[in-house]
Amino acid sequence: QTIVFPAAVGHLLHDLPLDRLQGLGGDLGAQVKETLQIATASELAAIPLERLESMFPGKAAYLHDLALGRLNDPVQDRELCKSLSSGKTFFGRNRLNTAQECEHWLGELAGELHRRYSDDLARHARAPHQGVRSR
């Protein structure tokens, strides 16, 4: 969930694809896009509520409010994160040129992950069961 100041909602939703709105990523979203020949939240918001009601009985108010950024679901507590990660990018003048530099930064990244792992273990009594490396 994301909480946004009311004045910023229009700008945030203007070019947002319909399938990024809650509840419009599946069949309903595909039906709305096809029926109305639209693709963004701002296009949906521009359609009069009466027209939406005639095409989507019982769902028009929901669609209209969604397109305007009005979603009154209660804010939910965030669950524990499911992953720990650490990363650094080495471009330009920060590029690593020697094996010694690589070893130094691998140690730094491993140390950061270990600190996060130790903290998570102490706070939540859980430990990772899988490790993944990416390029």
# chains A, B, ... in the order shown; residues from 1 in each chain; ligands from 1
$ residues_around --residues "Glu34 of chain A" --least-positions-apart "6" --cutoff "12 Å" --atoms "only C-alpha atoms" --output "list of chain:residue names"
A:Leu18, A:Asp27, A:Leu28, A:Leu44, A:Met55
$ select_by_dssp --residues "chain A" --states "helix (DSSP H, G or I)" --output "PyMOL selection string"
chain A and resi 6-13+18-20+27-36+41-45+49-55+60-67+92-94+99-124
$ residues_around --residues "Glu50 of chain A" --least-positions-apart "5" --cutoff "12 Å" --atoms "only C-alpha atoms" --output "VMD selection string"
chain A and resid 55 to 61 63 to 64
$ closest_residue --among "A:Thr35, A:Asn72, A:Thr98, A:Ser83" --to "Asp120 of chain A" --atoms "only C-alpha atoms"
A:Ser83
$ residues_around --residues "Gly69 of chain A" --least-positions-apart "6" --cutoff "9 Å" --atoms "only C-alpha atoms" --output "ChimeraX atom specification"
/A:6,9-10,13,41
$ write_last_selection --atoms "N, CA, C and O atoms" --output "PDB file, in the first residue's frame"
ATOM      1  N   PRO A   6      -3.291  14.009  -1.324  1.00  0.00           N
ATOM      2  CA  PRO A   6      -4.349  14.187  -2.321  1.00  0.00           C
ATOM      3  C   PRO A   6      -3.938  15.033  -3.521  1.00  0.00           C
ATOM      4  O   PRO A   6      -4.313  14.739  -4.655  1.00  0.00           O
ATOM      5  N   VAL A   9      -2.158  12.898  -6.301  1.00  0.00           N
ATOM      6  CA  VAL A   9      -2.801  11.713  -6.873  1.00  0.00           C
ATOM      7  C   VAL A   9      -2.983  11.817  -8.382  1.00  0.00           C
ATOM      8  O   VAL A   9      -2.651  10.905  -9.129  1.00  0.00           O
ATOM      9  N   GLY A  10      -3.501  12.935  -8.864  1.00  0.00           N
ATOM     10  CA  GLY A  10      -3.746  13.096 -10.297  1.00  0.00           C
ATOM     11  C   GLY A  10      -2.488  12.924 -11.116  1.00  0.00           C
ATOM     12  O   GLY A  10      -2.475  12.227 -12.134  1.00  0.00           O
ATOM     13  N   LEU A  13      -1.317   9.190 -11.040  1.00  0.00           N
ATOM     14  CA  LEU A  13      -2.150   8.248 -11.788  1.00  0.00           C
ATOM     15  C   LEU A  13      -2.293   8.581 -13.272  1.00  0.00           C
ATOM     16  O   LEU A  13      -2.770   7.752 -14.038  1.00  0.00           O
ATOM     17  N   ALA A  41      -5.300   5.164 -16.249  1.00  0.00           N
ATOM     18  CA  ALA A  41      -6.198   5.596 -15.177  1.00  0.00           C
ATOM     19  C   ALA A  41      -6.849   6.932 -15.508  1.00  0.00           C
ATOM     20  O   ALA A  41      -8.030   7.139 -15.231  1.00  0.00           O
TER      21      ALA A  41
END
$ residues_around --residues "Gly87 of chain A" --least-positions-apart "5" --cutoff "12 Å" --atoms "only C-alpha atoms" --output "PyMOL selection string"
chain A and resi 105-113+133-135
$ write_last_selection --atoms "all heavy atoms" --output "short mmCIF file (atom, residue, chain, number, x, y, z; two decimals), in the first residue's frame"
data_model
loop_
_atom_site.label_atom_id
_atom_site.label_comp_id
_atom_site.auth_asym_id
_atom_site.auth_seq_id
_atom_site.Cartn_x
_atom_site.Cartn_y
_atom_site.Cartn_z
N TRP A 105 35.35 -5.60 -1.69
CA TRP A 105 33.93 -5.29 -1.75
C TRP A 105 33.05 -6.51 -1.51
O TRP A 105 31.96 -6.39 -0.95
CB TRP A 105 33.58 -4.58 -3.06
CG TRP A 105 34.00 -3.15 -2.96
CD1 TRP A 105 35.06 -2.55 -3.56
CD2 TRP A 105 33.40 -2.15 -2.14
NE1 TRP A 105 35.15 -1.24 -3.18
CE2 TRP A 105 34.14 -0.96 -2.30
CE3 TRP A 105 32.31 -2.13 -1.28
CZ2 TRP A 105 33.82 0.22 -1.65
CZ3 TRP A 105 31.98 -0.95 -0.63
CH2 TRP A 105 32.73 0.21 -0.82
N LEU A 106 33.52 -7.69 -1.91
CA LEU A 106 32.77 -8.91 -1.56
C LEU A 106 32.71 -9.07 -0.04
O LEU A 106 31.68 -9.43 0.51
CB LEU A 106 33.39 -10.14 -2.21
CG LEU A 106 33.09 -10.32 -3.69
CD1 LEU A 106 33.93 -11.46 -4.27
CD2 LEU A 106 31.61 -10.58 -3.91
N GLY A 107 33.80 -8.76 0.62
CA GLY A 107 33.83 -8.80 2.08
C GLY A 107 32.88 -7.79 2.70
O GLY A 107 32.19 -8.08 3.68
N GLU A 108 32.86 -6.58 2.13
CA GLU A 108 31.94 -5.55 2.63
C GLU A 108 30.48 -5.98 2.45
O GLU A 108 29.66 -5.83 3.37
CB GLU A 108 32.17 -4.22 1.88
CG GLU A 108 33.48 -3.55 2.19
CD GLU A 108 33.54 -3.01 3.60
OE1 GLU A 108 32.52 -2.46 4.07
OE2 GLU A 108 34.60 -3.15 4.25
N LEU A 109 30.15 -6.50 1.27
CA LEU A 109 28.77 -6.94 1.02
C LEU A 109 28.39 -8.11 1.91
O LEU A 109 27.28 -8.15 2.47
CB LEU A 109 28.60 -7.30 -0.45
CG LEU A 109 28.70 -6.12 -1.42
CD1 LEU A 109 28.75 -6.62 -2.87
CD2 LEU A 109 27.55 -5.15 -1.24
N ALA A 110 29.30 -9.06 2.07
CA ALA A 110 29.03 -10.21 2.94
C ALA A 110 28.85 -9.75 4.39
O ALA A 110 27.98 -10.25 5.11
CB ALA A 110 30.16 -11.23 2.84
N GLY A 111 29.67 -8.80 4.82
CA GLY A 111 29.54 -8.27 6.18
C GLY A 111 28.19 -7.59 6.40
O GLY A 111 27.56 -7.77 7.44
N GLU A 112 27.74 -6.83 5.40
CA GLU A 112 26.43 -6.17 5.49
C GLU A 112 25.31 -7.20 5.58
O GLU A 112 24.40 -7.08 6.40
CB GLU A 112 26.22 -5.25 4.29
CG GLU A 112 24.85 -4.60 4.24
CD GLU A 112 24.56 -3.66 5.40
OE1 GLU A 112 25.50 -3.14 6.03
OE2 GLU A 112 23.37 -3.46 5.69
N LEU A 113 25.38 -8.23 4.75
CA LEU A 113 24.36 -9.29 4.82
C LEU A 113 24.40 -9.99 6.17
O LEU A 113 23.35 -10.31 6.73
CB LEU A 113 24.58 -10.31 3.70
CG LEU A 113 24.00 -9.93 2.35
CD1 LEU A 113 24.39 -10.97 1.31
CD2 LEU A 113 22.49 -9.81 2.43
N ARG A 133 22.57 -15.38 -5.89
CA ARG A 133 23.51 -14.39 -6.38
C ARG A 133 23.07 -13.98 -7.78
O ARG A 133 22.60 -14.78 -8.56
CB ARG A 133 24.92 -15.00 -6.46
CG ARG A 133 25.91 -14.10 -7.16
CD ARG A 133 27.15 -14.82 -7.68
NE ARG A 133 26.94 -15.88 -8.63
CZ ARG A 133 26.77 -15.74 -9.95
NH1 ARG A 133 26.68 -14.55 -10.47
NH2 ARG A 133 26.66 -16.78 -10.73
N SER A 134 23.18 -12.71 -8.09
CA SER A 134 22.87 -12.25 -9.44
C SER A 134 24.01 -11.37 -9.92
O SER A 134 24.80 -10.89 -9.14
CB SER A 134 21.54 -11.51 -9.47
OG SER A 134 21.64 -10.32 -8.73
N ARG A 135 24.06 -11.15 -11.21
CA ARG A 135 25.11 -10.32 -11.78
C ARG A 135 24.72 -8.88 -11.76
O ARG A 135 23.69 -8.44 -11.95
CB ARG A 135 25.36 -10.69 -13.23
CG ARG A 135 25.95 -12.03 -13.38
CD ARG A 135 26.41 -12.10 -14.79
NE ARG A 135 26.16 -13.42 -15.35
CZ ARG A 135 26.81 -13.85 -16.39
NH1 ARG A 135 27.67 -13.09 -16.97
NH2 ARG A 135 26.57 -15.03 -16.85
#
$ atom_distance --atom1 "atom CA of Asp119 of chain A" --atom2 "atom CA of Ile3 of chain A"
28.0 Å
$ closest_residue --among "A:Leu36, A:Lys88, A:Asp65, A:Asn94" --to "Arg51 of chain A" --atoms "only C-alpha atoms"
A:Leu36
$ atom_distance --atom1 "atom CA of Ala127 of chain A" --atom2 "atom CA of Leu80 of chain A"
12.6 Å
$ closest_residue --among "A:His124, A:Thr40, A:Glu103, A:Ile47" --to "Glu79 of chain A" --atoms "only C-alpha atoms"
A:His124
$ atom_distance --atom1 "atom CA of Pro48 of chain A" --atom2 "atom CA of Gln22 of chain A"
20.3 Å
$ closest_residue --among "A:Phe91, A:Ser54, A:Arg115, A:Lys82" --to "Gln130 of chain A" --atoms "only C-alpha atoms"
A:Lys82
$ closest_residue --among "A:Ala125, A:Val132, A:Cys102, A:Leu71" --to "Gly23 of chain A" --atoms "only C-alpha atoms"
A:Leu71
$ closest_residue --among "A:Leu24, A:Tyr117, A:Asn97, A:Leu49" --to "Cys81 of chain A" --atoms "only C-alpha atoms"
A:Tyr117
